Each structure stands twice: as C-alpha cells, then as structure tokens.
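Student: Pasting a structure below so you can have a look.
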Amino acid sequence: MARLEHVREATVSAEDRQRSIVAKWTARCPGHDDRNPSLSVALTADGRVLLHCFAGCGADHVLQSVGLSWRNLSPGGAGDGAASAPPPVLLRQTDYAVRDVDGRLVAVHRRRDYSDGTKRLSWLTPGPDGKLQPGLGGLSPADLPLYGVEQLADRSRPAVVVVEGEKATDALRRLGVNVVGTTTGASSAPGDEALKPLLNFRRIYLWPDNDAPGRQHMLRVGDRLRRLGAHDVRVLEWHDAPPRGDAADFVERHGEQAREKLRDLVAVAVPWSAWAQNAQAEAARAETEAEPGPAGTDTWPGADLPDVTGLLPGWLAEILEALRTQAERDAFLTAALGVLSGAFPGVQLLYGGRRHTPALYTLAIGTAGVGKGAAIHARRLVDLIDERLRQETRHALEVWERDAAIAREQKAEPPPRPPERFLIVAESASELAITRRLGENPAGLVLFSSEADALSTVLGQEWGRWSHLLRKAFHHEAVRRETKSEGLLVVERPVLAVALTGTPAQLWRLVEGGVEDGLFSRFLITRLRGDSRWISQRPTARDRKLQEAVERGAQEVYARWETLRRRERPLEFELTPEQWDRLDATFGAIFEQVIGHVEAGAAPDALAAVVKRAGLACVRIAAVLTLLHREPDVLERAAVLEADAQAFEAALALAVAFCRASLSIASRALARELEAEMRADPKLQVLAEMPEEFATAEWLEATEQRGTARRTAFEWLEALLAEGMIERAARGRYRKCRSASALIALTALSALTPIESASESAESAESAESAASGKAAIAGLPDLPDLPDGARNEPAKPATGTLPHSNADSEGWLPLFPEELPEIVEPVASHNGNSAPHDSDLEALRRRVLEQAEAAGWPGLWLPGFGATHGLPKMWRAAVERLSPERLREVLETLERVQTNGAPF
C-alpha cells in the first residue's frame with residue numbers, strides 16, 4: 001500500500017463479507033494516468049490480496065507498474081516485504097460513554113481493535129451542537145468521572161468494585177456486579193472528585209490488572225481513597241491470572257462459573273494496606289533485580305546532601321532529626337525546598353538584571369524502597385494554605401452562582417466567573433488546564449508528585465505536552481495559548497514550583513532530551529543513598545515527635561504566607577555585598593573548571609548551564625530559608641529583606657551539593673553514551689589501546705591480535721582519518737585527535753577529585769590566603785575539584801588497554817555494562833612479594849594505598865600517570881604497580897581527603 005497514491009479505506013459490504021473480504025481500499029491506479037481513484041484493493045480473511053482496476057488495467061500490469069509480483073502478495077511470499085505484510089485490519093470499534101453521577105454525557109472513549117492484536121484509544125467530547133469532537137476540550141482523564149458511576153444510584157448494596165478500563169467494567173456488570181472503572185490508564189489515577197461517589201459504600205474492592213503498571217495504578221487509587229476517608233478498602237487478587245490479565249479475562253475464562261468464582265475471590269480479599277506493602281516490596285525487588293537497559297536506565301552511586309541542620313529553623317531541624325535515615329532526610333529536605341519555594345507570595349529578588357521569585361524545581365532520585373516517601377511530609381507543610389485557598393474559591397463560586405441566577409432572572413448580564421484559587425496543582429493537568437491555572441493563580445502554584453513518572457507520562461501525551469511551559473515558568477517568561485472557546489490565553493508572569501521524587505530511570509523519561517535538554521539544568525537533583533541495614537518501622541516517640549514537628553511547621557508556614565499575602569507591595573530580597581562575593585567566588589571556580597572540560601572536548605556546553613542556574617538556585621534557597629528564619633511581624637514591616645547569615649550558609653552549601661550532583665549525573669550519562677558507541681565499534685576499541693602517537697606497525701599488531709584482516713585494518717585507519725579521530729603525524733605514524741580522547745576525559749569528569757602535584761602543593765601553601773577568596777570555604781564541604789593533568793591544554797590520555805566502564809558499588813546500584821573489562825595489554829612490572837622491592841618503602845606504600853582505597857570504597861579517581869580507576873579494585877591494583885613513589889604519596893593524600901570530605905562530584 002505504501003507504493004500507491006491517494007489510498008482511502010472503503011466500506012466492506014454484506015456481499016463482500018460473503019466473499020470473505022475483511023478490508024477494502026481505493027487508490028489511484030499506477031498502470032495508467034489515473035486522476036480519480038479507480039483501483040480497488042481487497043484483503044480476504046486468509047490473507048489473499050484482490051486487485052481490480054475499473055479503467056481496464058490488468059492485475060499483472062498494475063503489479064509490474066509498482067515493481068511487484070503475485071509472489072510478493074501471497075500470504076507466505078518471500079518478496080521484499082513491501083506488500084507481503086498487509087496493514088492491520090480494523091475488526092471492531094467500541095464507544096464507551098463516560099457520564100457523571102446524574103447521567104450527563106461528559107466524554108466518549110473510543111476503542112479500535114485491529115487484526116494484529118493491537119488497539120487504539122481516543123477521546124471525544126460533545127460539542128455545543130451535540131456532535132462528538134476529537135479530544136477532551138482541555139480536560140485531562142483524571143478530571144473525568146469513573147466509567148459507570150451513573151449506574152451506582154442504587155446504594156442498597158454495601159460494596160462496589162473498582163477495575164481498570166471500560167471493557168473490564170462491562171464484563172463484571174454483565175454478572176450483576178456493582179462496578180465502576182477508571183479511565184485514566186495505568187500511568188495516572190482518577191482525581192478526588194471522581195472518587196468521592198465511592199465513599200457512600202461501606203466497602204470498596206480494587207481489582208488491579210496482573211502487571212506492574214496495573215498494581216501501581218491501584219496503589220494510587222487506594223491511597224487516594226484512604227486520604228479521602230474510605231475506611232474499608234480491599235483488593236481482589238486473581239492468582240491464576242495470565243500476564244496483564246484483568247476482570248474481563250476472568251469472566252471469559254470461567255464463563256458460566258464466573259459469578260461463583262468471583263464470590264471466592266471476594267471471600268479472601270486482602271486489606272489494601274497489607275496488599276500495598278507486599279506490592280511495593282515486590283516492585284522494589286523487581287527494580288533491583290531487573291537487567292539495566294541500553295539507555296535511559298543509568299544509575300549512580302549515592303551522595304548525601306551536606307548536614308545543614310544547625311543552620312535551619314528549629315522546627316525544620318526537628319523534622320530532619322526525627323527521620324530515620326539519611327536518605328529520608330535528603331528526600332524530605334529536597335522536596336521541602338521545592339514545596340516551600342512556591343508558598344510565599346509577593347517575594348522578589350534581582351538576579352542577572354531580571355526579577356525572580358524563590359520558586360525552585362527539585363528532584364530526589366533513589367531506588368525503590370530507599371526512603372523517598374519521606375517527601376510527603378514536605379507536602380503536608382502547605383496543606384493549610386491549599387485548603388484555605390480552596391475554601392475561599394468554594395465560597396466565591398457559591399456567591400457567583402447566586403448572583404448569576406439573579407442576573408438570569410432579571411435578564412441582565414451575569415457577573416464573570418471568579419478564578420479558582422489553590423496552591424497544589426495536579427501533575428495530570430493538560431496543557432490548557434495548567435495554562436489556565438497559572439493565569440488564575442498569579443501568586444504561584446506548587447506541583448508535587450511522589451512519582452516523577454506521573455509527570456513524564458503526562459508530558460508524553462498529545463494533550464499534555466507542556467514541557468516548554470516548565471522551561472518558561474522557571475524564568476517567569478510569558479506563556480500564550482490559543483483556544484477556540486476562550487481565544488488567546490496569556491500568562492504574563494507564570495510562577496510555578498516543582499517538587500518530585502522518582503527512580504533513576506524516571507529522571508531520563510522526564511528529561512527526554514537528555515543532559516542537553518534545558519529542563520535538566522533547571523532541576524536541583526539529589527541522589528539518595530541506600531541503607532544496607534534493616535531499619536525498624538515500629539512506632540516510637542520519634543514518630544510522634546515527627547508528626548508534631550510537621551504540624552508546627554505547617555502553622556509556621558501558614559502564618560508567613562498569610563502575612564505576605566496581606567502586604568500591599570512585594571517584599572524585596574537581597575544578599576549582602578559580602579555574600580555576593582562568596583557566591584561569585586564559589587560558582588566562578590566551579591564554572592571555570594567546567595569550561596575547561598568543555599574546551600578540552602570532554603563535556604558539552606550544556607554543563608555550563610547547570611553551574612549558572614545553580615548560582616540562581618543558591619539565591620532562591622537563601623530567600624526561602626530567610627523567610628523561615630524571620631518572624632511574621634518582621635516580614636510585615638520590612639521593605640527590603642536582607643539574607644539571614646545562617647540561611648545563606650545553608651543555601652550555599654546545598655546549592656554546591658546540588659550542582660555537583662547534576663554535573664556527576666550528566667558526566668556519567670554522557671560517558672555512557674560514548675561508551676556504548678565505543679563498544680559497538682571495534683576500531684574505536686583498538687584505538688583506545690593505542691598510545692597518544694603510534695606507528696602503522698603497532699596498529700597492525702593490535703588488530704592482528706583481534707583476528708582482524710590486514711586489509712580491514714588499513715580500512716579502519718582510513719575511516720578514523722576521515723572521521724577526524726586521528727591525524728598523520730609523519731610518514732607511517734599517526735596521532736590521536738581531541739575527539740578520540742574525549743571519552744576518557746569525560747569519564748574523568750565523573751570522578752573529579754582534588755589532585756595536586758608537588759609543585760602545585762608548594763604554590764598553594766604560599767597563596768592560601770588568596771585562594772580562600774577563589775575557593776569559598778564552606779564547612780563540611782570538600783575543596784573544589786581541579787582538572788586532571790593535561791585536561792586544560794591537551795586531551796586526557798587513556799589508560800592502556802582499558803575502556804570506560806560503569807560498575808556497581810556497595811550500595812547495590814546496578815551496573816550498566818555487567819561484562820568484565822578487557823585485560824590490560826601493556827605488561828606491568830609485577831611484584832609477588834617474594835623478590836626485593838624496587839624501593840625499601842615502596843611495597844609498604846603500595847599496601848597502604850590499597851588499604852586506604854578499600855576503606856574509601858574503591859573510589860573512581862583520575863590518577864596522573866595512570867588514568868581513570870573506574871571504581872574497580874582491579875584497576876587500583878594495576879595503578880599502584882605502575883605509579884612512582886612520589887605519585888603514590890600524592891594518591892595517598894587524595895584518598896585521605898576523600899575519606900574526610902567525600903568526592904566532590
């Protein structure tokens with residue numbers, strides 16, 4: 001069909017069906033100059049293709065005109081595949097009417113089933129003329145009622161079943177079951193308004209589909225029902241279900257006995273809370289044991305945020321101290337910064353000649369079960385504000401409805417509908433809905449989600465593509481949206497704060513464009529460290545202290561919000577000149593080093609944006625923490641709010657930590673991409689084994705060891721020259737270009753650590769005071785990293801015989817490439833411990849370096865004179881054999897700094 005023009009699907013008549021024709025098309029005949037489609041193409045149930053030209057062209061002539069034969073069209077033909085695999089045939093189309101509790105049609109969910117087993121779903125909504133129009137008209141599926149909710153008018157039965165999808169709903173309803181279905185798909189969940197009709201029932205049964213998305217879907221539904229006040233929620237478990245099996249499959253399998261079998265399931269239904277624990281534990285095991293994918297599933301070692309508890313307000317410090325693990329504290333603090341940054345209206349700060357608000361985008365990343373759930377306490381800090389705004393909106397709407405009714409009676413112009421004000425916006429909002437919400441809430445909104453996938457799924461839908469809005473809202477750039485019903489919607493200064501948690505894989509689904517996507521540099525990202533110990537969850541006094549601290553914090557936040565809301569003029573926030581000097585020196589030093597890697601060809605320009613936006617984030621964090629330090633009466637009187645000293649110290653430490661985490665994540669992601677490219681190209685693997693300058697004979701010897709033909713080896717050399725990976729140094733000699741060394745240099749960036757040579761140490765000792773201004777001393781943080789030797793002026797040299805390699809660490813993070821590294825080809829001067837050492841203290845020095853490296857967890861460092869260790873014991877042992885005593889002493893000093901301060905990236 002791809003070789004025909006003007007193809008249109010035709011109607012299959014009753015006569016056609018008698019001839020076993022299941023699909024028909026019309027097209028312009030290629031056998032003659034056809035302006036009106038005169039070729040009929042039909043597909044029979046057994047896969048045969050029928051051709052007929054109404055202008056008189058023979059079928060053979062038609063096929064020859066497009067370069068095909070009958071063999072190509074036969075069901076088992078071995079042609080070029082152009083026509084041997086006919087397009088899937090539409091078998092049936094089903095329209096499911098979604099109505100509200102009063103029976104009013106809200107939307108139609110259209111399902112098309114095709115002959116290849118696939119299905120296609122689309123939404124339609126009734127227009128003003130009553131005809132169905134494509135799309136949801138600005139709604140999201142989460143805003144829709146549950147399917148079948150209008151048939152729950154009879155509340156005589158005490159229980160109701162909730163399933164996923166309309167097909168499963170209809171299957172159970174045919175059994176006489178009181179049932180409703182969700183229409184959002186497994187990646188999202190119905191909103192609170194959609195679930196509220198279920199609260200009238202004494203017991204609610206949830207029936208998840210038999211797959212991971214289906215279980216996660218019912219976890220979200222059950223959680224929302226419990227928060228809405230449902231007391232008895234249970235789960236129906238069909239243990240013999242096929243993969244992805246649902247209620248419709250259950251009814252089809254058991255036939256006439258389905259009703260009795262369903263009674264058996266109901267009799268052993270599991271309470272939702274117990275089922276949720278098992279489901280989450282199973283999901284955690286599955287994620288830990290799953291094989292890493294080729295892309296988008298990168299993992300990284302854990303990295304804690306600095307301990308700034310002593311620099312925070314008392315109630316905030318109490319929350320952190322009451323949490324059980326470091327991962328929980330990091331998850332809460334990261335989410336709290338994001339949530340609270342959107343809770344203070346009317347606060348402005350000047351940065352780079354533009355006015356900003358404190359609004360931040362934060363993301364806490366960790367494996368399942370690591371402690372990301374502690375972020376929910378951050379959400380509770382603004383519940384009072386959100387509820388107050390919603391109460392005011394409900395009251396305003398009641399007044400408006402009353403006034404509008406009076407105006408209609410008097411045949412006057414009704415008053416305009418008041419805006420809907422709230423603080424927390426749903427991640428499932430469509431592009432139109434989020435634009436409208438931002439316009440109605442100029443003081444700002446907070447987008448909070450404990451699953452980053454929920455947002456990334458919405459951004460991937462046709463109705464939810466608003467990642468551009470996220471990028472614009474970060475800098476408060478105007479947003480414009482044209483609609484048929486409302487005309488041009490303009491939000492001149494959108495204010496949006498975002499607080500997300502998720503798994504490592506979810507980060508790359510959220511930032512589809514990778515590191516160079518502008519969205520990546522806008523997020524403050526922290527990586528949560530797993531705990532290998534069993535942590536008891538038994539209720540203790542610590543838990544009561546946590547609840548009390550969160551409640552007190554919510555009152556403190558609400559008091560400041562109310563005070564700022566009453567102000568007639570915005571509150572200006574600013575740093576002191578000394579604080580600006582500290583900020584410029586700190587991020588200037590990091591920026592200089594990143595630019596050095598960019599100029600060395602080891603990193604993309606996008607990493608510079610990470611550092612630039614980290615500086616802006618530092619000022620925004622300082623504003624948030626200063627607002628928490630100041631009492632409400634101070635905020636009410638102040639014309640200008642100067643940064644609190646403790647708040648600035650905490651903000652600087654946190655911003656540097658977030659910046660380093662993002663740089664580390666970015667460098668590892670880029671190294672992964674280049675590593676995959678190298679592993680797929682054998683000539684690049686050979687090139688990695690070559691010294692910086694090599695002869696043709698060396699190249700032929702290396703390729704011969706791999707079993708490569710001599711002719712192919714010369715072809716590889718010519719290809720590398722054409723690709724700019726190498727250049728001719730002299731007759732029969734070649735030199736690596738910068739692009740050939742970028743991979744190793746990039747791997748070095750992911751393991752940057754301060755390394756100084758003996759001469760540099762002497763210089764740094766003489767200029768300690770002057771360096772203090774260039775490297776701002778922050779308590780608890782390591783010194784800023786230096787570039788590896790030679791990275792500024794020349795490409796980094798790879799360790800002979802090694803390829804960059806990601807590996808797991810003791811935290812249990814999955815390796816991206818589980819296979820072993822190639823053996824080191826270059827011979828090393830081995831020492832078995834029986835012969836005399838080269839130096840009387842050399843062997844002892846080597847043992848000490850290995851002991852320190854093991855104590856530090858075999859960190860991935862760049863060692864001058866050797867290269868990258870990649871965090872592997874094997875590479876560390878090879879390094880100590882090669883390095884001179886002077887280099888070994890430098891490495892020992894570096895390891896002591898790493899153990900004391902941690903790796904900077």
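Going by the structure tokens order, chains are called A, B, ..., each with residues numbered from 1, while ligands are numbered from 1 in the order shown.
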Using DSSP on the backbone, list every residue of region 525-609 of chain A that comes out as strand (DSSP E or B), and give them as a ChimeraX atom specification.

Tutor: /A:525-527,571-574

Student: Which distance in Å separates CA of Glu599 (chain A) and CA of Asp581 (chain A), to one decimal?

Tutor: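 Result for CA of Glu599 (chain A) versus CA of Asp581 (chain A): 26.1 Å, one decimal.
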
Student: Considering only C-alpha atoms, state which residue in the set A:Val490, A:Ala374, A:Val106, A:Leu91 is at the smallest distance from Leu124 (chain A).

Tutor: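 Among the listed residues, the smallest separation from Leu124 (chain A) belongs to A:Val106.
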
Student: So, counting only C-alpha atoms, which residue among A:Thr367, A:Ser456, A:Ser341, A:Gln348 is closest to Arg569 (chain A)?

Tutor: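 Looking only at the distances to Arg569 (chain A), the closest residue turns out to be A:Gln348.
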
Student: Can you tell me how far CA of Cys659 (chain A) sits from CA of Leu470 (chain A), in Å to one decimal?

Tutor: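 Straight-line distance from CA of Cys659 (chain A) to CA of Leu470 (chain A) works out to 19.7 Å.
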
Student: Considering only C-alpha atoms, state which residue in the set A:Ala241, A:Val619, A:Ala142, A:Ala368 is at the smallest distance from Val656 (chain A).

Tutor: A:Val619

Student: Give me the residues within 10 Å of Thr712 (chain A) as an NGL selection string, counting only C-alpha atoms and dropping any in the same chain fewer than 3 places off.

Tutor: :A and (683 or 700 or 703 or 708-709 or 715-718)

Student: Need the shell around Pro197 (chain A): protein/DNA/RNA residues with any atom at most 9 Å away, counting only C-alpha atoms. Skip same-chain ones fewer than 5 positions apart. Format as a ChimeraX atom specification?

Tutor: /A:101,149,152

Student: Which polymer residues have any atom within 10 Å of an atom of region 127-141 of chain A, counting only C-alpha atoms, with same-chain residues fewer than 6 positions away left out, as a PyMOL selection string?

Tutor: chain A and resi 106-109+182-185+188-191+428-434+436+458+462-464+483-485

Student: Need the shell around Val479 (chain A): protein/DNA/RNA residues with any atom at most 8 Å away, counting only C-alpha atoms. Skip same-chain ones fewer than 6 positions apart. Format as JSON, numbers by chain?

Tutor: {"A": [435, 469, 472, 490, 491, 492, 493, 494]}

Student: Which of region 322-442 of chain A end up as helix (DSSP H, G or I) when DSSP is run on this backbone - answer as a VMD selection string?

Tutor: chain A and resid 322 326 to 340 372 to 380 383 to 409 431 to 440

Student: Tell me which protein, DNA and RNA residues are within 9 Å of region 271-280 of chain A, counting only C-alpha atoms, leaving out same-chain ones fewer than 2 positions away, and put them as number ranges by chain.

Tutor: A: 205-206, 212, 215-216, 218-219, 222-223, 232-235, 269, 282-285, 368-369

Student: Keeping only N, CA and C atoms, write the selected residues to a file as a CSV table (one decimal), in the first residue's frame.

Tutor:
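The result, stored in part-v2.csv:
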chain,number,residue,atom,x,y,z
A,205,TYR,N,-13.8,-2.6,46.8
A,205,TYR,CA,-12.9,-3.6,46.3
A,205,TYR,C,-12.1,-3.1,45.1
A,206,LEU,N,-10.8,-3.2,45.1
A,206,LEU,CA,-10.0,-2.8,44.0
A,206,LEU,C,-9.5,-4.0,43.3
A,212,ALA,N,2.8,-4.9,36.5
A,212,ALA,CA,3.4,-3.8,37.4
A,212,ALA,C,2.6,-2.5,37.3
A,215,ARG,N,-0.8,-2.8,39.1
A,215,ARG,CA,-0.7,-2.7,40.6
A,215,ARG,C,-0.3,-1.3,41.0
A,216,GLN,N,0.6,-0.6,40.3
A,216,GLN,CA,0.9,0.7,40.7
A,216,GLN,C,-0.3,1.6,40.6
A,218,MET,N,-3.5,0.8,41.0
A,218,MET,CA,-4.4,0.6,42.2
A,218,MET,C,-3.8,1.0,43.5
A,219,LEU,N,-2.5,1.1,43.6
A,219,LEU,CA,-1.8,1.6,44.7
A,219,LEU,C,-2.2,3.1,44.8
A,222,GLY,N,-6.0,3.4,45.7
A,222,GLY,CA,-6.2,3.1,47.1
A,222,GLY,C,-5.7,4.2,48.0
A,223,ASP,N,-4.6,4.7,47.7
A,223,ASP,CA,-4.0,5.8,48.6
A,223,ASP,C,-4.9,7.0,48.6
A,232,ASP,N,-12.8,1.1,54.6
A,232,ASP,CA,-12.6,-0.4,54.3
A,232,ASP,C,-12.4,-0.5,52.9
A,233,VAL,N,-11.1,-0.6,52.5
A,233,VAL,CA,-10.7,-0.8,51.1
A,233,VAL,C,-9.9,-2.1,51.0
A,234,ARG,N,-10.4,-3.0,50.1
A,234,ARG,CA,-9.8,-4.3,50.0
A,234,ARG,C,-9.4,-4.5,48.5
A,235,VAL,N,-8.6,-5.6,48.3
A,235,VAL,CA,-8.0,-5.9,47.0
A,235,VAL,C,-8.4,-7.3,46.6
A,269,ALA,N,-10.5,-11.5,50.0
A,269,ALA,CA,-10.0,-10.2,49.6
A,269,ALA,C,-9.0,-9.7,50.7
A,282,GLU,N,7.5,-6.0,46.3
A,282,GLU,CA,7.7,-6.8,45.1
A,282,GLU,C,8.2,-5.9,44.0
A,283,ALA,N,7.7,-4.6,43.9
A,283,ALA,CA,8.2,-3.7,42.9
A,283,ALA,C,9.6,-3.3,43.2
A,284,ALA,N,10.0,-3.2,44.5
A,284,ALA,CA,11.4,-2.9,44.8
A,284,ALA,C,12.3,-4.0,44.4
A,285,ARG,N,11.9,-5.3,44.7
A,285,ARG,CA,12.7,-6.4,44.3
A,285,ARG,C,12.9,-6.5,42.8
A,368,ALA,N,13.8,2.0,44.5
A,368,ALA,CA,12.6,1.7,45.2
A,368,ALA,C,12.9,1.3,46.6
A,369,GLY,N,12.1,1.8,47.6
A,369,GLY,CA,12.3,1.5,49.0
A,369,GLY,C,13.4,2.2,49.7
